[in-house]
Amino acid sequence: MAINRNQVQKELLLAMEALEGIKKKGAIDPKSPNSKPTKQQQKLFDDIGKKKYRIVRAGNQSGKSTVCAREMAWVATETHPTWTRPVEWGSGPLTLLLAGQDRKSMEVELWGNKLCSYLNMEEWRIVRQGASISFAEHLLTGNKIVFVSHSDGSDKTRRHMQGYVAHYVWVDEMPMSIGVFEELQRRIQAREGYMLCSFTPKVRNEALRRHIDELCKTTQAALYRLSMMDNPLYAKRKKELMAELSSLPEAYRNTVLYGDWYTGEFAVYQWEDKMVEPIPETYHPSWRHVQSVDPALKSKMGHLIFAENPHTSTWHLIEDQYIQDIYHPEDILQECIKRSAGVRIIRRVTDVAPWFQETASRKKFPYLIPFNKTQRKDELIKGLQAALSGGKVKISPHCTNFIDEITGCQWSETSDKIVNGQSYHCLDSAQYFVDLMPKPEPGAMSHGWEIDLRLANTKRKEEKAATAKMTKMSINKRTTRPILGWGRRSLIVN
């Protein structure tokens, strides 16, 4: 029987392609079929069914996106080497969300350069919305990878995400807003799904940092650290890369190399732990209080209440809240009145907002406004910084809205403006308060509560002794006049 060499070669090529395909399905690097995950990467893959939240905080070019794309491809095609879909998910198609900075970068980098390298594109159907990719559907299973952007961190972005119930979410790069991050957490809530996050935290965001750090302390989350120097691509270039990064500030260099939280070099305010202090145990609603607000019709309204400790003349921020989803001026004023009820308000401060000021004046709740605040922005910033640094104003630990704003407030790297300057509603309210802070009351200062307590007790004893002495003197006068409080009958003393 003659051997058909062409047929043999064809079958051999098909077998080799099949073998390469098998290797590719398990390879960490699609360009290197024999590549294997590192110990840390394998730990990440093995934890998919054990941890609801997995946070990959890593350096630039550390392979974090490649690792996450590798896993998403496995989940989307249900070919994960150590995981199978939970029984609770049923047998229907899966919904996977890929949340990235913008649609274009997701399509080019995450989809085109990474995910597609792991997938057989003949098995996938691409659906677009305009010029951007909307979702990709796996024809064999019906599973979908849906692309959503978290670039601006706006309420519109967050509302768009609310339309999805997902089994799996991959968040690539850190969102601008903690609200968007929390919204993505809710997307997997109903299905008890999984959330995978990968980012290099180059932008300072204290609210999100604290949220993620606290999340990683729970049993349902895990943190994975990847370094740029762990990437096999740079095994022979470490000295070269370190030389290139040597001119960068240490904090930023550690972010780029290892994924350390970035503390920021363009911070508007210097923040120190000593600025936080619990409300004194001697606090009483009768202390002098100031309400300071930053009125807004379309966005959040900042609402702060400061209380003055009469023993030290230190002002304590005891309440920092946002007023939102209220649009009528009178309703906004009523909410302000409601939130300041029960304490002794001696002054109310507001940003310039004629619609709010007129409403408040008409209702007999006058508000003071800072003079020429638009032209004095730098002065207002310096005033708040001085009050905090000098200890004149203390922030209560529970006032996290204010703390998040002041620690996240950054100057633009390309201009003299504050990044997202219109979003710091509590911070602006605090500036107005400091600018219009009441002067200390005469005699309000004291030597401390212990001495005050002793002085008050001594005064009480003196008053009691004086009263007793006057009573004795009255009795010794042998008068028949009635003594007040003894009734109508005269008291005759022999």
# chains A, B, ... in the order shown; residues from 1 in each chain; ligands from 1
$ residues_around --residues "A:Lys274" --least-positions-apart "6" --cutoff "10 Å" --atoms "only C-alpha atoms" --output "VMD selection string"
chain A and resid 388 to 389 391 394 to 395
$ closest_atom_pairs --of "stretch 248-299 of chain A" --to "stretch 427-430 of chain A" --cutoff "9 Å" --atoms "only C-alpha atoms" --output "tab-separated table"
residue	atom	partner	partner_atom	distance
A:Ser292	CA	A:Ser429	CA	5.5
A:Val293	CA	A:Ser429	CA	5.2
A:Asp294	CA	A:Ser429	CA	5.4
$ write_last_selection --atoms "C-alpha atoms" --output "PDB file, in the first residue's frame"
ATOM      1  CA  SER A 292     -21.016  75.394  57.351  1.00  0.00           C
ATOM      2  CA  VAL A 293     -22.444  74.322  54.004  1.00  0.00           C
ATOM      3  CA  ASP A 294     -21.508  74.271  50.334  1.00  0.00           C
TER       4      ASP A 294
END
$ select_by_dssp --residues "stretch 200-243 of chain A" --states "strand (DSSP E)" --output "list of chain:residue names"
A:Ala221, A:Ala222, A:Leu223, A:Tyr224, A:Arg225, A:Leu226
$ write_last_selection --atoms "C-alpha atoms" --output "compact mmCIF listing (two decimals), in the first residue's frame"
# COMPACT_ATOMS: atom_id res chain seq x y z
CA ALA A 221 -10.53 38.76 50.12
CA ALA A 222 -6.84 38.29 49.36
CA LEU A 223 -4.03 40.60 48.24
CA TYR A 224 -1.39 39.58 45.68
CA ARG A 225 1.75 41.65 45.07
CA LEU A 226 3.68 41.49 41.80
$ residues_around --residues "A:Ala341" --least-positions-apart "3" --cutoff "12 Å" --atoms "only C-alpha atoms" --output "list in words"
Pro285, Ser286, His289, Val290, Gln291, Ile305, Gln334, Glu335, Cys336, Ile337, Lys338, Arg344 and Ile345 of chain A
$ closest_atom_pairs --of "stretch 184-293 of chain A" --to "stretch 310-314 of chain A" --cutoff "10 Å" --atoms "only C-alpha atoms" --output "tab-separated table"
residue	atom	partner	partner_atom	distance
A:Thr282	CA	A:His311	CA	9.4
A:Tyr283	CA	A:Pro310	CA	9.3
A:Trp287	CA	A:Pro310	CA	6.9
A:Arg288	CA	A:Pro310	CA	7.9
$ write_last_selection --atoms "N, CA and C atoms" --output "PDB file, in the first residue's frame"
ATOM      1  N   THR A 282     -16.130  65.557  77.529  1.00  0.00           N
ATOM      2  CA  THR A 282     -16.903  66.633  78.162  1.00  0.00           C
ATOM      3  C   THR A 282     -17.851  67.331  77.185  1.00  0.00           C
ATOM      4  N   TYR A 283     -17.881  66.855  75.939  1.00  0.00           N
ATOM      5  CA  TYR A 283     -18.724  67.511  74.927  1.00  0.00           C
ATOM      6  C   TYR A 283     -20.172  67.607  75.389  1.00  0.00           C
ATOM      7  N   TRP A 287     -22.412  73.529  73.900  1.00  0.00           N
ATOM      8  CA  TRP A 287     -21.223  74.199  73.381  1.00  0.00           C
ATOM      9  C   TRP A 287     -21.601  75.047  72.169  1.00  0.00           C
ATOM     10  N   ARG A 288     -20.768  76.006  71.852  1.00  0.00           N
ATOM     11  CA  ARG A 288     -20.998  76.815  70.649  1.00  0.00           C
ATOM     12  C   ARG A 288     -20.743  75.946  69.411  1.00  0.00           C
TER      13      ARG A 288
END
$ residues_around --residues "stretch 431-438 of chain A" --least-positions-apart "6" --cutoff "7 Å" --atoms "only C-alpha atoms" --output "list in words"
Ser292, Val349, Thr350, Pro370, Leu380, Ile381, Gly383 and Leu384 of chain A
$ write_last_selection --atoms "N, CA and C atoms" --output "PDB file, in the first residue's frame"
ATOM      1  N   SER A 292     -21.604  74.866  58.586  1.00  0.00           N
ATOM      2  CA  SER A 292     -21.016  75.394  57.351  1.00  0.00           C
ATOM      3  C   SER A 292     -21.413  74.488  56.192  1.00  0.00           C
ATOM      4  N   VAL A 349     -22.739  79.338  58.076  1.00  0.00           N
ATOM      5  CA  VAL A 349     -21.847  79.821  57.022  1.00  0.00           C
ATOM      6  C   VAL A 349     -22.174  79.089  55.728  1.00  0.00           C
ATOM      7  N   THR A 350     -22.082  79.801  54.613  1.00  0.00           N
ATOM      8  CA  THR A 350     -22.380  79.187  53.317  1.00  0.00           C
ATOM      9  C   THR A 350     -21.508  79.780  52.217  1.00  0.00           C
ATOM     10  N   PRO A 370     -18.248  83.946  52.802  1.00  0.00           N
ATOM     11  CA  PRO A 370     -16.854  84.433  52.777  1.00  0.00           C
ATOM     12  C   PRO A 370     -16.706  85.562  51.769  1.00  0.00           C
ATOM     13  N   LEU A 380      -7.833  80.942  51.321  1.00  0.00           N
ATOM     14  CA  LEU A 380      -8.723  80.026  52.025  1.00  0.00           C
ATOM     15  C   LEU A 380      -8.041  78.682  52.286  1.00  0.00           C
ATOM     16  N   ILE A 381      -7.289  78.207  51.298  1.00  0.00           N
ATOM     17  CA  ILE A 381      -6.561  76.943  51.461  1.00  0.00           C
ATOM     18  C   ILE A 381      -5.528  77.068  52.574  1.00  0.00           C
ATOM     19  N   GLY A 383      -5.536  79.172  55.014  1.00  0.00           N
ATOM     20  CA  GLY A 383      -6.217  79.364  56.293  1.00  0.00           C
ATOM     21  C   GLY A 383      -6.613  78.031  56.917  1.00  0.00           C
ATOM     22  N   LEU A 384      -7.174  77.134  56.106  1.00  0.00           N
ATOM     23  CA  LEU A 384      -7.559  75.815  56.620  1.00  0.00           C
ATOM     24  C   LEU A 384      -6.324  75.026  57.035  1.00  0.00           C
TER      25      LEU A 384
END
$ closest_atom_pairs --of "stretch 25-63 of chain A" --to "stretch 243-267 of chain A" --cutoff "10 Å" --atoms "only C-alpha atoms" --output "Markdown table"
| residue | atom | partner | partner_atom | distance |
| --- | --- | --- | --- | --- |
| A:Val56 | CA | A:Gly259 | CA | 9.0 |
| A:Arg57 | CA | A:Gly259 | CA | 5.4 |
| A:Ala58 | CA | A:Gly259 | CA | 4.0 |
| A:Gly59 | CA | A:Gly259 | CA | 4.2 |
| A:Asn60 | CA | A:Val256 | CA | 5.2 |
| A:Gln61 | CA | A:Leu257 | CA | 8.6 |
| A:Ser62 | CA | A:Leu257 | CA | 8.2 |
$ atom_distance --atom1 "atom CA of A:Ser117" --atom2 "atom CA of A:Gly130"
24.4 Å
$ residues_around --residues "A:Leu233" --least-positions-apart "3" --cutoff "10 Å" --atoms "only C-alpha atoms" --output "ChimeraX atom specification"
/A:61-63,228-230,236-238
$ atom_distance --atom1 "atom CA of A:Ser396" --atom2 "atom CA of A:Val203"
25.7 Å
$ select_by_dssp --residues "stretch 234-464 of chain A" --states "helix (DSSP H, G or I)" --output "ChimeraX atom specification"
/A:234,238-245,250-258,273-275,329-339,354-362,377-389,400-408,421-423,425-435,449-464
$ write_last_selection --atoms "C-alpha atoms" --output "CSV table (one decimal), in the first residue's frame"
chain,number,residue,atom,x,y,z
A,234,TYR,CA,13.2,42.0,32.6
A,238,LYS,CA,17.1,44.9,36.2
A,239,LYS,CA,20.2,47.2,36.5
A,240,GLU,CA,19.2,49.1,33.4
A,241,LEU,CA,15.6,49.6,34.7
A,242,MET,CA,16.7,50.7,38.1
A,243,ALA,CA,19.0,53.2,36.6
A,244,GLU,CA,16.2,54.6,34.5
A,245,LEU,CA,14.0,55.0,37.6
A,250,GLU,CA,11.2,57.3,46.1
A,251,ALA,CA,7.5,57.1,46.7
A,252,TYR,CA,6.7,57.2,43.0
A,253,ARG,CA,9.5,54.8,42.2
A,254,ASN,CA,8.1,52.2,44.7
A,255,THR,CA,4.7,52.6,43.2
A,256,VAL,CA,6.1,51.9,39.7
A,257,LEU,CA,8.3,49.0,40.8
A,258,TYR,CA,6.2,47.3,43.5
A,273,ASP,CA,-2.4,62.0,62.1
A,274,LYS,CA,-2.2,64.5,64.9
A,275,MET,CA,-5.0,66.5,63.2
A,329,PRO,CA,-34.2,75.4,47.8
A,330,GLU,CA,-36.7,75.3,50.7
A,331,ASP,CA,-36.3,71.5,51.0
A,332,ILE,CA,-32.5,71.9,51.1
A,333,LEU,CA,-32.8,74.5,53.8
A,334,GLN,CA,-35.1,72.3,55.9
A,335,GLU,CA,-32.7,69.5,55.6
A,336,CYS,CA,-29.9,71.8,56.9
A,337,ILE,CA,-32.1,72.9,59.8
A,338,LYS,CA,-33.0,69.3,60.6
A,339,ARG,CA,-29.4,68.1,60.6
A,354,PRO,CA,-28.2,83.7,46.2
A,355,TRP,CA,-31.0,81.1,45.8
A,356,PHE,CA,-30.0,79.5,49.1
A,357,GLN,CA,-29.2,82.7,51.0
A,358,GLU,CA,-32.5,84.4,50.0
A,359,THR,CA,-34.5,81.3,51.0
A,360,ALA,CA,-32.6,81.1,54.4
A,361,SER,CA,-33.1,84.8,55.1
A,362,ARG,CA,-36.8,84.6,54.3
A,377,LYS,CA,-8.9,80.6,47.0
A,378,ASP,CA,-5.2,80.4,47.9
A,379,GLU,CA,-5.9,82.3,51.1
A,380,LEU,CA,-8.7,80.0,52.0
A,381,ILE,CA,-6.6,76.9,51.5
A,382,LYS,CA,-3.7,78.4,53.6
A,383,GLY,CA,-6.2,79.4,56.3
A,384,LEU,CA,-7.6,75.8,56.6
A,385,GLN,CA,-4.0,74.4,56.6
A,386,ALA,CA,-2.9,76.8,59.3
A,387,ALA,CA,-6.0,76.0,61.5
A,388,LEU,CA,-5.3,72.2,61.2
A,389,SER,CA,-1.5,72.4,61.6
A,400,THR,CA,-14.2,60.1,56.9
A,401,ASN,CA,-15.8,62.2,54.1
A,402,PHE,CA,-13.7,65.2,55.1
A,403,ILE,CA,-10.6,63.0,55.6
A,404,ASP,CA,-11.0,61.4,52.2
A,405,GLU,CA,-11.4,64.7,50.5
A,406,ILE,CA,-8.4,66.5,52.2
A,407,THR,CA,-6.0,63.5,51.7
A,408,GLY,CA,-7.1,63.0,48.1
A,421,GLY,CA,-11.8,70.7,42.1
A,422,GLN,CA,-15.6,70.9,42.0
A,423,SER,CA,-16.0,67.6,43.9
A,425,HIS,CA,-17.8,69.8,49.0
A,426,CYS,CA,-16.8,69.1,52.6
A,427,LEU,CA,-13.3,70.6,52.1
A,428,ASP,CA,-14.8,73.8,50.7
A,429,SER,CA,-17.3,74.0,53.6
A,430,ALA,CA,-14.3,73.7,56.0
A,431,GLN,CA,-12.5,76.6,54.3
A,432,TYR,CA,-15.5,78.8,54.7
A,433,PHE,CA,-15.8,77.9,58.3
A,434,VAL,CA,-12.2,78.8,59.1
A,435,ASP,CA,-12.5,82.1,57.2
A,449,TRP,CA,-11.6,70.2,83.1
A,450,GLU,CA,-10.0,68.8,86.3
A,451,ILE,CA,-9.3,72.3,87.7
A,452,ASP,CA,-12.7,73.5,86.4
A,453,LEU,CA,-14.3,70.7,88.4
A,454,ARG,CA,-12.5,71.6,91.6
A,455,LEU,CA,-13.3,75.3,91.2
A,456,ALA,CA,-16.9,74.6,90.6
A,457,ASN,CA,-17.1,72.3,93.7
A,458,THR,CA,-15.3,75.0,95.8
A,459,LYS,CA,-17.8,77.6,94.5
A,460,ARG,CA,-20.7,75.3,95.4
A,461,LYS,CA,-19.4,74.8,98.9
A,462,GLU,CA,-18.9,78.5,99.4
A,463,GLU,CA,-22.4,79.3,98.2
A,464,LYS,CA,-23.9,76.6,100.5
$ residues_around --residues "A:Leu139" --least-positions-apart "6" --cutoff "9 Å" --atoms "only C-alpha atoms" --output "PyMOL selection string"
chain A and resi 122-125
$ atom_distance --atom1 "atom CA of A:Pro93" --atom2 "atom CA of A:Gly142"
5.1 Å
